[in-house]
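Input: a single structure, listed below in structure tokens.
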Amino acid sequence: MDRFREGGVIDDFVTLFYFEKGKLLQTLAHSLKYDEGTTFGFELGVRLGKKISSSTIDCIIPVPLNKRKERERGYNQSDWIAKGLASVINVPVLSNAVRRTRYTVTQTHLNAEERKKNIADAFEVTDTDAICGKNILLVDDIITTGSTIQEIAQVLKKAKAKRITAGSAGLAKLGEDA
């Protein structure tokens, strides 16, 4: 997973599935995001938790949604994955330790460079004490280019996080991963 180690902020990575357009995981991911798939999200987290050693994780941080987007959707799918993870590895979920500072457009139709620009400076740490010196599992539902987790990982490292593992239910298959 070289694309996640490029910036030097992601130390490790774990995922359940490769995500390919038109395949079953795309339908399931859509359901998780838009059809109140909270139980499904929790179960994905449980499965992901079985792949992770809790001895290397101090806390779990789900990728935050903008408050407006979360109100529209009614929940944060990454938060449900994080709750499922926590039920297996028995570490706290810090849902409010990082927040989005601004609304960003959906990244679905953006290329890698556009995604990077769209998400730049969109996050901040709200609880530095909870982050400092910690080994963090940063959780997203589907990771495509990694722009979002890279951006959040940079903010966490500036807040003196010790080590960051990125985790996801799905990973988009790009050229270098094929």
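Starting from 1 in every chain, residues are counted up; chains themselves are A, B, ... following the order of the structure tokens, and ligands are numbered from 1 as listed.
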
task: Once DSSP has gone over the backbone, tell me which residues of segment 6-154 of chain A are in helix (DSSP H, G or I), as a VMD selection string.
output: chain A and resid 24 to 34 38 to 49 54 to 56 67 to 73 77 to 89 112 to 119 128 to 131 147 to 154

Per-residue nearest contacts segment 96-144 of chain A to segment 160-163 of chain A, cut-off 8 Å, using only C-alpha atoms, as a tab-separated table:
residue	atom	partner	partner_atom	distance
A:Ile131	CA	A:Ala161	CA	5.3
A:Cys132	CA	A:Lys160	CA	4.7
A:Gly133	CA	A:Lys162	CA	4.7
A:Lys134	CA	A:Lys162	CA	5.1
A:Asn135	CA	A:Arg163	CA	4.6
A:Ile136	CA	A:Arg163	CA	6.1

- request: Extract, using only C-alpha atoms, all DNA, RNA and protein residues at most 12 Å from segment 125-130 of chain A, discarding same-chain residues fewer than 6 positions from it, and format them as a ChimeraX atom specification.
  value: /A:58-61,63-64,92-101,136,151-162

Include C-alpha atoms and write out the residues we just selected as an mmCIF file, in the first residue's frame.
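Generated output (result-v5.cif):
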data_model
loop_
_atom_site.group_PDB
_atom_site.id
_atom_site.type_symbol
_atom_site.label_atom_id
_atom_site.label_comp_id
_atom_site.auth_asym_id
_atom_site.auth_seq_id
_atom_site.Cartn_x
_atom_site.Cartn_y
_atom_site.Cartn_z
ATOM 1 C CA ASP A 58 -5.011 3.085 21.768
ATOM 2 C CA CYS A 59 -8.123 4.592 20.194
ATOM 3 C CA ILE A 60 -10.292 4.599 17.068
ATOM 4 C CA ILE A 61 -11.194 7.752 15.165
ATOM 5 C CA VAL A 63 -13.550 9.890 9.490
ATOM 6 C CA PRO A 64 -15.922 12.717 10.420
ATOM 7 C CA PRO A 92 -12.400 3.719 22.853
ATOM 8 C CA VAL A 93 -13.954 5.405 19.829
ATOM 9 C CA LEU A 94 -13.176 9.142 19.790
ATOM 10 C CA SER A 95 -15.899 10.361 17.426
ATOM 11 C CA ASN A 96 -15.376 14.023 18.325
ATOM 12 C CA ALA A 97 -11.563 14.213 18.495
ATOM 13 C CA VAL A 98 -11.418 15.398 14.857
ATOM 14 C CA ARG A 99 -13.969 17.505 13.041
ATOM 15 C CA ARG A 100 -14.528 18.814 9.539
ATOM 16 C CA THR A 101 -14.037 22.535 9.436
ATOM 17 C CA ILE A 136 -4.635 5.679 16.392
ATOM 18 C CA GLU A 151 -5.304 14.777 5.227
ATOM 19 C CA ILE A 152 -6.679 13.641 8.587
ATOM 20 C CA ALA A 153 -3.483 11.712 9.383
ATOM 21 C CA GLN A 154 -1.439 14.885 8.800
ATOM 22 C CA VAL A 155 -3.633 16.795 11.258
ATOM 23 C CA LEU A 156 -3.306 13.964 13.794
ATOM 24 C CA LYS A 157 0.487 13.843 13.423
ATOM 25 C CA LYS A 158 0.657 17.630 13.969
ATOM 26 C CA ALA A 159 -1.251 16.990 17.204
ATOM 27 C CA LYS A 160 1.565 14.563 18.100
ATOM 28 C CA ALA A 161 -0.157 11.240 17.425
ATOM 29 C CA LYS A 162 2.455 8.515 17.743
#

- request: Find the residue from A:Asp141, A:Glu114, A:Glu70, A:Glu43 that sits nearest to Ser168 of chain A; use only C-alpha atoms when measuring.
  value: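 Closest candidate: A:Asp141.
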
- prompt: To one decimal place, how far is atom CA of Ala172 of chain A from atom CA of Arg115 of chain A in Å?
  reply: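 Atom CA of Arg115 of chain A lies 14.2 Å from atom CA of Ala172 of chain A.
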
Selection near Ser53 of chain A, 12 Å with only C-alpha atoms, sequence-local residues under 2 positions removed, as a CSV table (one decimal) with C-alpha atoms, in the first residue's frame:
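Result file follows (part-v9.csv):
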chain,number,residue,atom,x,y,z
A,12,ASP,CA,0.0,0.8,8.6
A,14,VAL,CA,-5.8,-2.8,6.9
A,48,LEU,CA,-12.3,-5.6,10.5
A,49,GLY,CA,-11.6,-5.8,14.2
A,50,LYS,CA,-10.9,-9.5,13.8
A,51,LYS,CA,-8.0,-8.5,11.5
A,55,SER,CA,-2.2,-4.3,21.3
A,56,THR,CA,-1.1,-1.7,18.7
A,57,ILE,CA,-4.2,0.6,19.0
A,58,ASP,CA,-5.0,3.1,21.8
A,85,LEU,CA,-14.3,-2.4,15.7
A,86,ALA,CA,-14.4,-1.2,19.3
A,88,VAL,CA,-13.9,-6.5,19.2
A,89,ILE,CA,-10.6,-4.8,20.1
A,90,ASN,CA,-12.0,-3.1,23.2
A,91,VAL,CA,-10.5,0.4,22.7
A,135,ASN,CA,-1.5,4.9,18.4
A,137,LEU,CA,-6.8,3.6,14.1
A,165,THR,CA,-3.1,2.9,11.1

query: If you run DSSP on the backbone, which residues of segment 49-154 of chain A are strand (DSSP E), as a list in words?
result: Cys59, Ile60, Ile61, Pro62, Val98, Arg99, Arg100, Phe123, Glu124, Val125, Asn135, Ile136, Leu137, Leu138, Val139, Asp140, Asp141, Ile142 and Ile143 of chain A

- prompt: Which distance in Å separates atom CA of Gly8 of chain A and atom CA of Ser54 of chain A, to one decimal?
  reply: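 The value is 22.3 Å.
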
field: Option closest in space to Thr144 of chain A, from A:Ser78, A:Thr39, A:Ser87, A:Asn111 [counting only C-alpha atoms]
entry: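 Nearest candidate to Thr144 of chain A out of A:Ser78, A:Thr39, A:Ser87, A:Asn111: A:Asn111.
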
- request: Rank nothing, just name the residue among A:Asn118, A:Thr104, A:Asn76, A:Gln150 nearest to Gly167 of chain A, using only C-alpha atoms.
  value: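 With only C-alpha atoms as the atom set, the closest residue is A:Gln150.
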
task: Find the residue from A:Gly170, A:Tyr75, A:Gly45, A:Leu65 that sits nearest to Ala122 of chain A; use only C-alpha atoms when measuring.
output: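 For Ala122 of chain A, the nearest of the given residues is A:Leu65.
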